[in-house]
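Accompanying notes for the structure given below.
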Amino acid sequence: MTETKDQPRPLPEIPSRVTATQAARDLLTDIRAQYGDVMFHQSGGCCDGSSPMCYPVGDFPIGSKDVCLGDVDGAEVWISGPQFEIWKDSCLILDVVEGQGGMFSLDNGTGRRFLTRSKMFSDSERAALQIGPT
Amino acid sequence: MNDMTQFSAQTHVSPFARRYDNFIGGQFVAPKSRRYFENVSPVTGGPIGEIARSEAADVEAALDAAHAAKDAWARTSTTDRSNMLMKIAQIMEDNLELLAICETWDNGKAIRETRAADLPLAVDHFRYFAGVIRAQEGTMGEIDDDTVAYHFHEPLGVVGQIIPWNFPLLMAAWKLAPALAAGNCVVLKPAEQTPATIMVFCELIADVLPAGVLNVVNGFGLEAGKPLATSDRIAKVAFTGETSTGRLIMQYATENIIPVTLELGGKSPNIFFKDVLAEDDAFFDKAIEGFVMFALNQGEVCTCPSRAIIHESIYDRFMERALARTQAIIQGDPRDGDTMMGAQASSEQREKILSYFDIGRQEGAKVLTGGEAAQLGGDMANGYYVKPTILEGHNKMRVFQEEIFGPVVSVTTFKDEDEALSIANDTQYGLGAGVWSRDANTCYRFGRAIKAGRVWTNCYHLYPAHAAFGGYKQSGIGRETHKMMLNHYQQTKNMLVSYNPNKLGFF
């Protein structure tokens, strides 16, 4: 970011690509108490696809094409490169619902499951994120 | 020991026993921790019994049993193995109504489908692999006058299989039949959302296979599935599910240097050319049914035709008929034989589908019908029901790009073949596709150009054994439901034999 001498402009606030509900933060706190540092990888595909999978840091090998969307209370949230291209217009909202699935995700078996909700960015937010028109 | 299933079960009474243990070494064995979890029926949202909550120690016990059985099973003649698979198929057929009822209670799907699709297909699958293993031959190559290369098929040994919840028994059959036919022993982990029908299956066929050839360990993915997938005592892992877990399973297989087969889903296009509407006849009627196939199994199918791509010149008339047919779907009690669409498999699955309705609306997709949960009465008031839904929009929307795994189709139009192909292939996945045209050349050219492993041409959602099923791109690795799947469960042993008594002369 640059600003000219004559016309200083306020920096646009860059919106976060990931946020979380209090219920999600509470579950995250519980999981960390049991497992230590964790991260999320947003899944795609069938069955439990579209779920945010929660893994111990180091358990899931981050790929060179994966994109970090941000973090929730320090827990990084990642998504695959091709999926990011589809999601880049939306903010990922980490939420929690009742459920007992989740494959190898650390919420599995707790009776609670992380669920991804989404909010489409507004035009000004898209501009701040420098996303072109769809 | 299992509490036994109520084999005289009726449609409206849960057929399940109060509790199911694991099936290990031919016995029903309690989990070592003595812990169980509650199985919930999506039909009512209420509990229908307890299931073993297994851990690594139980997986190890199953692997011990499988390894103890593997040498004898590998030496068992293909005739005997085939006959045992035939017997399994016969037992399933003789108990088809019971297993259909079980599957409806466990998964939530309409019994009309379990009776007509899930069970008959599973039965046929065992018969198919019983047949093809008898006909499989190795090869022999005559290298030169004295030297012959023999190629034998050998089983891999002990394999791990992780089964999804959308077609619990049928997906188990897809994986078990080729693995057992090829002479492998199996440790199978059902999905925790649908753990019960497979245990009834085990009760029925417990005495057919030698002890330890088939082992079923129930429990959560994290506690039981992961120890199985990471074990260095399996020679292969087969998985159907989503992409993050698919990547993890490949990673674990990398550590052990073992093969994997993966089926990870799709976002299948269903393309309707303008000549579909050339006449209002049986073919057009079939094409409309092909469109409405998005509602089969409540849309919880990896090949759900979830993107309908319709020629712009017929769009209005086509959609008028398609909308009416969709709205004619009878959604109700899955246990009732007239019901066409049942419950989603879990509460969180319903929540996920509803979250996509929210995304679609935010993106500007138009809801043509549905777009909300369905509220049923009686004991189904707390079940997991979603209305069949048609969204109208464009292919860049997330509801066109992500697998919702619900009774949802996103529709858009195309101007010409190039645009149709561009839309069809603009996806991360490549599992299924549908092509509808009265012109054979259009069907052939277009079908070959689609980047997907299965192109249904003037049909949809047929799953016969002997037609290969598997994905391009991020949809996975391997081809199921065909004899070529045997190769994914076999080693090749080459014996290179010299029939010349004379030395080479080097030393």
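In the structure tokens, each chain is lettered A, B, ... as it comes, each chain's residues begin at 1, and ligands are numbered from 1 in order of appearance.
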
According to DSSP computed on the backbone, where in stretch 443-488 of chain B is there helix (DSSP H, G or I)? Give the residues as an MDAnalysis selection string. chainID B and resid 443:449 483:488

Using only C-alpha atoms, what does the table of chain A residues within 9 Å of chain B look like, with each row giving the shortest atom pair and its distance in Å to one decimal, sorted by chain and ascending number, as a Markdown table?
| residue | atom | partner | partner_atom | distance |
| --- | --- | --- | --- | --- |
| A:His41 | CA | B:Ser244 | CA | 6.9 |
| A:Gln42 | CA | B:Ser244 | CA | 7.3 |
| A:Ser43 | CA | B:Ser244 | CA | 4.9 |
| A:Gly44 | CA | B:Thr243 | CA | 5.4 |
| A:Gly45 | CA | B:Gly265 | CA | 4.7 |
| A:Cys46 | CA | B:Gly265 | CA | 4.4 |
| A:Cys47 | CA | B:Gly241 | CA | 5.4 |
| A:Asp48 | CA | B:Glu242 | CA | 5.9 |
| A:Gly49 | CA | B:Glu242 | CA | 4.8 |
| A:Ser50 | CA | B:Glu403 | CA | 7.5 |
| A:Ser51 | CA | B:Lys352 | CA | 8.3 |
| A:Met53 | CA | B:Ser244 | CA | 7.5 |
| A:Asp59 | CA | B:Leu248 | CA | 8.5 |
| A:Phe60 | CA | B:Leu248 | CA | 6.5 |
| A:Pro61 | CA | B:Leu248 | CA | 7.8 |
| A:Ser80 | CA | B:Ser244 | CA | 8.9 |
| A:Pro82 | CA | B:Gln428 | CA | 7.1 |
| A:Gln83 | CA | B:Gln428 | CA | 7.9 |
| A:Ile86 | CA | B:Arg398 | CA | 6.3 |
| A:Trp87 | CA | B:Arg398 | CA | 7.1 |
| A:Ser90 | CA | B:Ile359 | CA | 9.0 |
| A:Val97 | CA | B:Glu348 | CA | 6.5 |
| A:Glu98 | CA | B:Glu348 | CA | 6.5 |
| A:Gly99 | CA | B:Glu348 | CA | 5.5 |
| A:Gln100 | CA | B:Gln193 | CA | 7.3 |
| A:Gly101 | CA | B:Gln193 | CA | 6.5 |
| A:Gly102 | CA | B:Gly221 | CA | 7.0 |
| A:Met103 | CA | B:Gly221 | CA | 4.3 |
| A:Phe104 | CA | B:Leu222 | CA | 4.2 |
| A:Ser105 | CA | B:Leu222 | CA | 6.5 |
| A:Leu106 | CA | B:Leu222 | CA | 6.9 |
| A:Asp107 | CA | B:Leu222 | CA | 8.8 |
| A:Asn108 | CA | B:Leu222 | CA | 6.2 |
| A:Gly109 | CA | B:Phe220 | CA | 6.2 |
| A:Arg113 | CA | B:Glu348 | CA | 7.6 |
| A:Leu115 | CA | B:Lys352 | CA | 7.1 |
| A:Thr116 | CA | B:Lys352 | CA | 7.8 |
| A:Arg117 | CA | B:Ser355 | CA | 6.0 |
| A:Ser118 | CA | B:Ile359 | CA | 6.4 |
| A:Lys119 | CA | B:Ile359 | CA | 7.2 |
| A:Met120 | CA | B:Gln362 | CA | 6.4 |
| A:Thr134 | CA | B:Lys396 | CA | 7.9 |

Please provide the set of residues having any atom within 10 Å of B:Met84, restricted to only C-alpha atoms, with same-chain residues fewer than 5 positions apart removed, written as a PyMOL selection string. chain B and resi 78-79+89-90+126-127+130+180-181+205+208-210

Kindly indicate which residue among B:Asp281, B:Tyr463, B:Gly364, B:Ile24 lies nearest to B:Pro120, using only C-alpha atoms for the distances.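 With only C-alpha atoms as the atom set, the closest residue is B:Tyr463.
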
Please report, as a ChimeraX atom specification, each residue of stretch 76-142 of chain B to which DSSP assigns strand (DSSP E or B) when run on this structure's backbone. /B:139-142

Which residue is closest to B:Val186? Choose from B:Ser77, B:Asp439, B:Ile91, B:Asp64 and count only C-alpha atoms. B:Asp64

Measure the distance from atom CA of B:Glu50 to atom CA of B:Phe7 in Å and round it to one decimal.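 Pair atom CA of B:Glu50 / atom CA of B:Phe7 returns 17.7 Å.
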
Two-atom distance - atom CA of B:Ala287, atom CA of B:Arg325 (Å):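 Straight-line distance from atom CA of B:Ala287 to atom CA of B:Arg325 works out to 11.3 Å.
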
Close residues, A:Trp78 itself excluded, 10 Å, only C-alpha atoms, min 5 positions apart in chain, as a ChimeraX atom specification: /A:18,39-43,52-53,62-63,66-71,84

When you look at B:Asp333 with a cut-off of 9 Å (counting only C-alpha atoms), what residues show up, excluding the ones that are within fewer than 6 positions of it in the same chain? I need them as a list of chain:residue names.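 Listed by chain and then number, they are B:Val43, B:Ala110, B:Thr339, B:Met341, B:Gly342, B:Ala343, B:Leu376, B:Met380.
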
Please compute the atom CA of A:Cys91-atom CA of B:Asn425 distance, one decimal, in Å.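 Computing it gives 26.0 Å between the two atoms.
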
Contacts of B:Met293 within 9 Å, only C-alpha atoms, excl. fewer than 4 positions in-chain, as a VMD selection string: chain B and resid 288 to 289 297 299 304 to 305 460 to 461

Selected residue, from A:Val57, A:Val72, A:Ala127, A:Val77, that lies nearest to A:Thr21 when counting only C-alpha atoms: A:Val72
